[in-house]
file work_7.cif (mmCIF, C-alpha atoms)
data_model
#
loop_
_atom_site.label_atom_id
_atom_site.label_comp_id
_atom_site.auth_asym_id
_atom_site.auth_seq_id
_atom_site.Cartn_x
_atom_site.Cartn_y
_atom_site.Cartn_z
CA MET B 1 0.00 0.00 0.00
CA SER B 2 1.35 3.43 -0.92
CA LYS B 3 2.58 5.47 2.01
CA GLN B 4 1.77 8.63 0.03
CA ARG B 5 -1.95 8.10 -0.08
CA PRO B 6 -4.05 10.83 1.51
CA VAL B 7 -5.31 9.81 4.91
CA ASN B 8 -7.80 11.64 7.05
CA LEU B 9 -9.11 9.74 10.01
CA ASP B 10 -9.67 12.81 12.15
CA LEU B 11 -13.33 12.11 12.80
CA ARG B 12 -13.97 15.63 14.12
CA THR B 13 -13.34 17.10 10.68
CA ILE B 14 -15.49 14.68 8.72
CA LYS B 15 -19.19 15.20 8.11
CA MET B 16 -20.34 11.66 8.29
CA PRO B 17 -22.96 10.06 6.07
CA VAL B 18 -25.38 7.58 7.68
CA THR B 19 -23.23 4.61 6.63
CA ALA B 20 -20.26 6.08 8.49
CA ARG B 21 -22.39 6.80 11.54
CA ALA B 22 -23.60 3.21 11.60
CA SER B 23 -20.01 2.03 11.27
CA ILE B 24 -18.40 4.22 13.93
CA LEU B 25 -21.25 3.48 16.36
CA HIS B 26 -20.44 -0.22 15.95
CA ARG B 27 -16.91 0.53 17.15
CA ILE B 28 -18.14 2.77 19.95
CA SER B 29 -20.63 0.15 21.10
CA ALA B 30 -17.83 -2.43 21.10
CA VAL B 31 -15.59 -0.21 23.23
CA VAL B 32 -18.50 0.48 25.61
CA LEU B 33 -19.08 -3.27 25.90
CA TRP B 34 -15.40 -3.99 26.48
CA VAL B 35 -15.09 -1.40 29.25
CA GLY B 36 -18.53 -2.28 30.64
CA MET B 37 -17.56 -5.93 30.88
CA ALA B 38 -15.62 -5.00 34.02
CA PHE B 39 -18.87 -3.88 35.69
CA ALA B 40 -20.79 -6.87 34.33
CA LEU B 41 -18.22 -9.42 35.52
CA ILE B 42 -17.98 -7.84 38.99
CA ALA B 43 -21.78 -7.85 39.25
CA LEU B 44 -21.87 -11.47 38.08
CA TYR B 45 -19.19 -12.44 40.59
CA LEU B 46 -21.09 -10.81 43.45
CA SER B 47 -24.44 -12.20 42.31
CA LEU B 48 -23.09 -15.74 42.46
CA SER B 49 -20.91 -15.56 45.57
CA SER B 50 -23.70 -15.61 48.16
CA GLU B 51 -27.41 -15.09 48.63
CA ASP B 52 -26.72 -11.82 50.49
CA SER B 53 -24.53 -10.35 47.77
CA PHE B 54 -27.07 -11.51 45.16
CA ALA B 55 -29.69 -9.51 47.06
CA GLY B 56 -27.37 -6.50 46.96
CA ILE B 57 -26.93 -6.70 43.20
CA TYR B 58 -30.63 -7.39 42.71
CA SER B 59 -31.71 -4.35 44.72
CA ALA B 60 -29.14 -2.18 42.89
CA LEU B 61 -30.49 -3.31 39.52
CA THR B 62 -34.08 -2.73 40.61
CA GLY B 63 -33.69 0.44 42.68
CA ASN B 64 -30.39 2.24 42.12
CA PHE B 65 -30.51 4.60 39.15
CA PHE B 66 -26.75 4.56 38.58
CA ALA B 67 -26.61 0.74 38.46
CA GLN B 68 -29.69 0.65 36.27
CA PHE B 69 -28.17 3.21 33.92
CA ILE B 70 -25.04 1.09 33.51
CA ALA B 71 -27.18 -2.00 32.85
CA TRP B 72 -29.28 -0.09 30.32
CA GLY B 73 -26.16 1.31 28.67
CA LEU B 74 -24.64 -2.12 28.34
CA LEU B 75 -27.85 -3.60 26.93
CA THR B 76 -28.13 -0.69 24.48
CA ALA B 77 -24.54 -1.20 23.34
CA LEU B 78 -25.10 -4.95 23.07
CA GLY B 79 -28.28 -4.44 21.04
CA TYR B 80 -26.67 -2.04 18.59
CA TYR B 81 -23.52 -4.16 18.39
CA SER B 82 -25.68 -7.16 17.50
CA MET B 83 -27.60 -5.29 14.80
CA ALA B 84 -24.37 -3.97 13.28
CA THR B 85 -22.91 -7.48 13.34
CA LEU B 86 -25.90 -8.80 11.40
CA LYS B 87 -25.45 -5.91 8.95
CA HIS B 88 -21.86 -6.98 8.36
CA VAL B 89 -22.86 -10.58 7.76
CA VAL B 90 -25.65 -9.58 5.37
CA GLN B 91 -23.24 -7.35 3.45
CA ASP B 92 -20.54 -10.03 3.44
CA MET B 93 -23.03 -12.18 1.59
CA GLY B 94 -23.28 -9.55 -1.10
CA HIS B 95 -26.49 -7.73 -0.17
CA PHE B 96 -27.04 -4.00 0.48
CA GLU B 97 -23.62 -3.06 -0.81
CA GLU B 98 -24.54 -0.28 -3.25
CA LEU B 99 -24.72 3.37 -2.18
CA GLU B 100 -28.51 3.60 -1.82
CA SER B 101 -29.03 0.11 -0.40
CA GLY B 102 -26.05 0.63 1.90
CA LYS B 103 -27.68 3.79 3.24
CA GLN B 104 -30.93 1.88 3.71
CA ILE B 105 -29.40 -0.93 5.76
CA ALA B 106 -27.38 1.57 7.81
CA THR B 107 -30.56 3.53 8.59
CA GLY B 108 -32.37 0.29 9.40
CA VAL B 109 -29.63 -0.83 11.78
CA LEU B 110 -29.63 2.55 13.55
CA ALA B 111 -33.42 2.39 13.91
CA ALA B 112 -33.26 -1.19 15.21
CA GLY B 113 -30.63 -0.06 17.71
CA VAL B 114 -32.93 2.69 19.00
CA ILE B 115 -35.84 0.25 19.31
CA LEU B 116 -33.68 -2.26 21.22
CA SER B 117 -32.45 0.55 23.45
CA VAL B 118 -36.03 1.52 24.31
CA LEU B 119 -36.91 -2.13 24.97
CA ALA B 120 -33.82 -2.43 27.20
CA GLY B 121 -34.97 0.65 29.12
CA ILE B 122 -38.40 -0.89 29.62
CA TRP B 123 -36.79 -4.12 30.80
CA VAL B 124 -34.52 -2.34 33.26
CA TRP B 125 -36.91 0.29 34.63
CA ALA B 126 -40.42 -1.10 34.22
CA MET O 1 -3.55 -10.86 16.00
CA GLY O 2 -0.50 -8.94 17.06
CA MET O 3 1.79 -6.36 15.58
CA THR O 4 4.73 -8.45 14.37
CA ALA O 5 6.02 -8.05 10.82
CA ALA O 6 5.08 -11.63 9.90
CA GLU O 7 1.49 -11.07 10.93
CA LYS O 8 1.26 -7.76 9.14
CA ALA O 9 2.18 -9.54 5.92
CA ARG O 10 -0.81 -11.87 6.11
CA SER O 11 -3.89 -11.26 4.05
CA GLY O 12 -6.22 -10.93 7.02
CA THR O 13 -8.81 -13.39 5.69
CA LYS O 14 -8.54 -15.63 8.74
CA GLU O 15 -8.90 -12.63 11.04
CA TRP O 16 -11.95 -11.45 9.12
CA ILE O 17 -13.65 -14.84 9.36
CA PHE O 18 -12.71 -15.21 13.01
CA GLN O 19 -14.12 -11.77 13.72
CA ARG O 20 -17.45 -12.58 12.12
CA ILE O 21 -17.71 -15.93 13.91
CA SER O 22 -16.90 -14.39 17.29
CA ASN O 23 -19.28 -11.47 16.62
CA LEU O 24 -22.07 -13.91 15.83
CA ALA O 25 -21.19 -15.92 18.95
CA ILE O 26 -21.67 -12.74 21.00
CA VAL O 27 -25.06 -12.09 19.38
CA LEU O 28 -26.15 -15.67 19.99
CA TYR O 29 -25.02 -15.58 23.62
CA ALA O 30 -26.89 -12.31 24.15
CA LEU O 31 -30.05 -13.88 22.73
CA VAL O 32 -29.71 -17.03 24.83
CA PHE O 33 -28.95 -15.03 27.99
CA VAL O 34 -31.85 -12.59 27.57
CA ALA O 35 -34.25 -15.45 26.71
CA LEU O 36 -33.19 -17.49 29.76
CA VAL O 37 -33.37 -14.57 32.20
CA ALA O 38 -36.58 -13.10 30.77
CA GLY O 39 -38.05 -16.62 30.83
CA MET O 40 -37.43 -17.11 34.57
CA ASP O 41 -40.62 -17.17 36.64
CA THR O 42 -38.88 -15.16 39.32
CA VAL O 43 -35.30 -13.95 39.15
CA ASP O 44 -34.05 -15.04 42.56
CA TYR O 45 -30.81 -16.46 43.90
CA ALA O 46 -32.01 -20.04 43.43
CA SER O 47 -32.88 -19.74 39.74
CA TRP O 48 -29.86 -17.49 39.02
CA SER O 49 -27.32 -19.82 40.64
CA ALA O 50 -29.06 -22.82 39.04
CA LEU O 51 -28.50 -21.25 35.61
CA TYR O 52 -24.81 -20.62 36.26
CA GLY O 53 -24.49 -23.99 38.00
CA ALA O 54 -25.55 -25.92 34.90
CA THR O 55 -22.55 -27.53 33.22
CA TRP O 56 -23.74 -26.72 29.70
CA PHE O 57 -24.06 -23.05 30.62
CA LYS O 58 -20.61 -23.01 32.25
CA LEU O 59 -19.11 -24.52 29.10
CA TYR O 60 -21.10 -22.27 26.78
CA SER O 61 -20.24 -19.15 28.78
CA SER O 62 -16.56 -20.10 28.90
CA LEU O 63 -16.39 -20.75 25.16
CA THR O 64 -18.10 -17.43 24.41
CA LEU O 65 -15.79 -15.60 26.83
CA ILE O 66 -12.71 -17.05 25.12
CA LEU O 67 -14.03 -15.84 21.75
CA VAL O 68 -14.86 -12.42 23.24
CA CYS O 69 -11.36 -11.97 24.64
CA LEU O 70 -9.60 -13.06 21.43
CA ASN O 71 -11.97 -10.84 19.47
CA SER O 72 -11.29 -7.86 21.71
CA ILE O 73 -7.53 -8.22 21.15
CA LEU O 74 -8.09 -8.38 17.38
CA ALA O 75 -10.60 -5.52 17.28
CA GLY O 76 -8.52 -3.51 19.74
CA TRP O 77 -5.55 -3.86 17.40
CA GLN O 78 -7.68 -2.70 14.44
CA ILE O 79 -8.87 0.36 16.34
CA GLY O 80 -5.35 1.14 17.57
CA THR O 81 -3.85 1.02 14.09
CA ASP O 82 -6.53 3.44 12.87
CA TYR O 83 -6.35 6.12 15.53
CA ILE O 84 -3.17 5.80 17.60
CA LYS O 85 -0.16 6.71 15.51
CA PRO O 86 2.67 7.41 18.00
CA GLU O 87 4.53 4.15 18.49
CA GLY O 88 4.95 4.38 22.24
CA THR O 89 1.29 5.26 22.85
CA ASN O 90 0.22 2.50 20.49
CA LYS O 91 2.32 -0.07 22.36
CA LEU O 92 0.96 1.08 25.70
CA TYR O 93 -2.60 0.96 24.37
CA SER O 94 -1.99 -2.49 22.92
CA LEU O 95 -0.65 -3.68 26.27
CA VAL O 96 -3.74 -2.34 28.07
CA VAL O 97 -6.04 -4.12 25.62
CA LYS O 98 -4.18 -7.42 25.93
CA ALA O 99 -3.81 -7.25 29.71
CA GLY O 100 -7.46 -6.22 30.12
CA SER O 101 -8.69 -9.01 27.86
CA ALA O 102 -6.52 -11.56 29.69
CA ALA O 103 -7.83 -10.30 33.04
CA TYR O 104 -11.42 -10.64 31.81
CA LEU O 105 -10.72 -14.18 30.67
CA VAL O 106 -9.19 -15.25 33.98
CA PHE O 107 -11.83 -13.48 36.09
CA GLY O 108 -14.66 -14.88 33.96
CA LEU O 109 -13.36 -18.45 34.09
CA VAL O 110 -12.96 -18.16 37.87
CA ILE O 111 -16.58 -16.94 38.11
CA PHE O 112 -17.91 -19.72 35.90
CA TRP O 113 -16.00 -22.60 37.48
CA ALA O 114 -14.95 -21.62 40.98
CA VAL O 115 -17.66 -19.40 42.50
#

call {"tool": "encode", "arguments": {"input": "work_7.cif", "output": "structure tokens"}}
result
Amino acid sequence: MSKQRPVNLDLRTIKMPVTARASILHRISAVVLWVGMAFALIALYLSLSSEDSFAGIYSALTGNFFAQFIAWGLLTALGYYSMATLKHVVQDMGHFEELESGKQIATGVLAAGVILSVLAGIWVWA
Amino acid sequence: MGMTAAEKARSGTKEWIFQRISNLAIVLYALVFVALVAGMDTVDYASWSALYGATWFKLYSSLTLILVCLNSILAGWQIGTDYIKPEGTNKLYSLVVKAGSAAYLVFGLVIFWAV
């Protein structure tokens, strides 16, 4: 690959089309999941170590806004990450690869991510 | 999955396929997990510890965790090569990703098999 090729990955200077938004959100959701795994594993550890610590985690996830927000955030990231993964697989198989169809599937994946995020919020808070 | 010259020279096809497989494994695990938890009559300590006490779920969770940690090293490397140009910073970042992923793997396996 030529070292002279123009490169601009400074995301702050790029006005992103919907396909790029869908793509960068996939990365962001992955980073959120990776960092959030620390919280999830600690919660899992506590929830399984004893009945008392399970009760602590359970009451946090049903009554503490901060804990609920983390759970919702992780579920939202997981939902979007999953939709974007399916998008990749569909496109790997040769579908939705043209400009217009690519925009359509990107928009669809973003919409599905929002819907899953709302459902996750209902699951966590309702 | 690292930064050595030999690995840089590879085509990346294996990494691409591995990434898709591990991504799909994450999606499948998420579906299974949400279905199992949402399907519990009551989420209490008994049903929760029964789920994580089941051998199939221990094995399935462990397998998925191994894929997650390998995938996070691969994806972390991709992200690092895109955005982190200074060599020292990149190496430090890469170390954090690898150490973090290894810590997740060990902690997760301890949770699944020893708690």

call {"tool": "residues_around", "arguments": {"input": "work_7.cif", "residues": "range 14-22 of chain B", "least_positions_apart": "2", "cutoff": "8 Å", "atoms": "all atoms listed in the file", "output": "count of residues only"}}
result
13

call {"tool": "resolve_selection", "arguments": {"input": "work_7.cif", "expression": "the PyMOL selection byres ((chain B) within 10 of (chain O))", "output": "JSON, numbers by chain"}}
result
{"B": [9, 10, 11, 27, 30, 31, 33, 34, 35, 37, 38, 41, 42, 44, 45, 46, 47, 48, 49, 50, 51, 52, 53, 54, 55, 58, 75, 78, 79, 81, 82, 83, 84, 85, 86, 88, 89, 92, 123]}

call {"tool": "atom_distance", "arguments": {"input": "work_7.cif", "atom1": "CA of Gly121 in chain B", "atom2": "CA of Gly63 in chain B"}}
result
13.6 Å

call {"tool": "closest_residue", "arguments": {"input": "work_7.cif", "among": "O:Trp56, O:Leu51, O:Trp113, O:Gly12", "to": "Gln78 in chain O", "atoms": "all atoms listed in the file"}}
result
O:Gly12

call {"tool": "resolve_selection", "arguments": {"input": "work_7.cif", "expression": "the PyMOL selection byres ((chain O and resi 90) around 12)", "output": "short mmCIF file (atom, residue, chain, number, x, y, z; two decimals) with C-alpha atoms, keeping the file's coordinate frame"}}
result
data_model
loop_
_atom_site.label_atom_id
_atom_site.label_comp_id
_atom_site.auth_asym_id
_atom_site.auth_seq_id
_atom_site.Cartn_x
_atom_site.Cartn_y
_atom_site.Cartn_z
CA GLY O 2 -0.50 -8.94 17.06
CA MET O 3 1.79 -6.36 15.58
CA GLY O 76 -8.52 -3.51 19.74
CA TRP O 77 -5.55 -3.86 17.40
CA GLN O 78 -7.68 -2.70 14.44
CA ILE O 79 -8.87 0.36 16.34
CA GLY O 80 -5.35 1.14 17.57
CA THR O 81 -3.85 1.02 14.09
CA ASP O 82 -6.53 3.44 12.87
CA TYR O 83 -6.35 6.12 15.53
CA ILE O 84 -3.17 5.80 17.60
CA LYS O 85 -0.16 6.71 15.51
CA PRO O 86 2.67 7.41 18.00
CA GLU O 87 4.53 4.15 18.49
CA GLY O 88 4.95 4.38 22.24
CA THR O 89 1.29 5.26 22.85
CA LYS O 91 2.32 -0.07 22.36
CA LEU O 92 0.96 1.08 25.70
CA TYR O 93 -2.60 0.96 24.37
CA SER O 94 -1.99 -2.49 22.92
CA LEU O 95 -0.65 -3.68 26.27
CA VAL O 96 -3.74 -2.34 28.07
CA VAL O 97 -6.04 -4.12 25.62
#

call {"tool": "atom_distance", "arguments": {"input": "work_7.cif", "atom1": "CA of Leu61 in chain B", "atom2": "CA of Val124 in chain B"}}
result
7.5 Å

call {"tool": "atom_distance", "arguments": {"input": "work_7.cif", "atom1": "CA of Val106 in chain O", "atom2": "CA of Gly36 in chain B"}}
result
16.3 Å

call {"tool": "decode", "arguments": {"input": "work_7.cif", "residues": "range 27-77 of chain B", "atoms": "C-alpha atoms", "output": "PDB file, in the first residue's frame"}}
result
ATOM      1  CA  ARG B  27     -16.913   0.531  17.153  1.00  0.00           C
ATOM      2  CA  ILE B  28     -18.138   2.773  19.946  1.00  0.00           C
ATOM      3  CA  SER B  29     -20.630   0.148  21.101  1.00  0.00           C
ATOM      4  CA  ALA B  30     -17.830  -2.434  21.096  1.00  0.00           C
ATOM      5  CA  VAL B  31     -15.590  -0.210  23.228  1.00  0.00           C
ATOM      6  CA  VAL B  32     -18.501   0.481  25.611  1.00  0.00           C
ATOM      7  CA  LEU B  33     -19.082  -3.268  25.900  1.00  0.00           C
ATOM      8  CA  TRP B  34     -15.403  -3.991  26.484  1.00  0.00           C
ATOM      9  CA  VAL B  35     -15.094  -1.397  29.251  1.00  0.00           C
ATOM     10  CA  GLY B  36     -18.529  -2.283  30.637  1.00  0.00           C
ATOM     11  CA  MET B  37     -17.557  -5.933  30.881  1.00  0.00           C
ATOM     12  CA  ALA B  38     -15.619  -5.004  34.021  1.00  0.00           C
ATOM     13  CA  PHE B  39     -18.871  -3.884  35.687  1.00  0.00           C
ATOM     14  CA  ALA B  40     -20.789  -6.871  34.332  1.00  0.00           C
ATOM     15  CA  LEU B  41     -18.222  -9.421  35.525  1.00  0.00           C
ATOM     16  CA  ILE B  42     -17.977  -7.839  38.986  1.00  0.00           C
ATOM     17  CA  ALA B  43     -21.784  -7.850  39.255  1.00  0.00           C
ATOM     18  CA  LEU B  44     -21.867 -11.466  38.076  1.00  0.00           C
ATOM     19  CA  TYR B  45     -19.191 -12.441  40.589  1.00  0.00           C
ATOM     20  CA  LEU B  46     -21.095 -10.809  43.451  1.00  0.00           C
ATOM     21  CA  SER B  47     -24.442 -12.201  42.315  1.00  0.00           C
ATOM     22  CA  LEU B  48     -23.086 -15.744  42.455  1.00  0.00           C
ATOM     23  CA  SER B  49     -20.912 -15.556  45.574  1.00  0.00           C
ATOM     24  CA  SER B  50     -23.699 -15.614  48.157  1.00  0.00           C
ATOM     25  CA  GLU B  51     -27.410 -15.087  48.629  1.00  0.00           C
ATOM     26  CA  ASP B  52     -26.715 -11.821  50.486  1.00  0.00           C
ATOM     27  CA  SER B  53     -24.532 -10.347  47.772  1.00  0.00           C
ATOM     28  CA  PHE B  54     -27.070 -11.509  45.161  1.00  0.00           C
ATOM     29  CA  ALA B  55     -29.688  -9.514  47.060  1.00  0.00           C
ATOM     30  CA  GLY B  56     -27.374  -6.496  46.965  1.00  0.00           C
ATOM     31  CA  ILE B  57     -26.927  -6.700  43.203  1.00  0.00           C
ATOM     32  CA  TYR B  58     -30.634  -7.392  42.712  1.00  0.00           C
ATOM     33  CA  SER B  59     -31.707  -4.350  44.718  1.00  0.00           C
ATOM     34  CA  ALA B  60     -29.141  -2.184  42.886  1.00  0.00           C
ATOM     35  CA  LEU B  61     -30.492  -3.309  39.520  1.00  0.00           C
ATOM     36  CA  THR B  62     -34.083  -2.729  40.609  1.00  0.00           C
ATOM     37  CA  GLY B  63     -33.693   0.438  42.678  1.00  0.00           C
ATOM     38  CA  ASN B  64     -30.392   2.242  42.125  1.00  0.00           C
ATOM     39  CA  PHE B  65     -30.511   4.605  39.151  1.00  0.00           C
ATOM     40  CA  PHE B  66     -26.754   4.555  38.583  1.00  0.00           C
ATOM     41  CA  ALA B  67     -26.611   0.743  38.464  1.00  0.00           C
ATOM     42  CA  GLN B  68     -29.694   0.648  36.269  1.00  0.00           C
ATOM     43  CA  PHE B  69     -28.170   3.210  33.924  1.00  0.00           C
ATOM     44  CA  ILE B  70     -25.043   1.091  33.515  1.00  0.00           C
ATOM     45  CA  ALA B  71     -27.181  -2.000  32.849  1.00  0.00           C
ATOM     46  CA  TRP B  72     -29.277  -0.093  30.319  1.00  0.00           C
ATOM     47  CA  GLY B  73     -26.165   1.313  28.666  1.00  0.00           C
ATOM     48  CA  LEU B  74     -24.637  -2.121  28.339  1.00  0.00           C
ATOM     49  CA  LEU B  75     -27.845  -3.596  26.932  1.00  0.00           C
ATOM     50  CA  THR B  76     -28.128  -0.690  24.483  1.00  0.00           C
ATOM     51  CA  ALA B  77     -24.536  -1.199  23.341  1.00  0.00           C
TER      52      ALA B  77
END
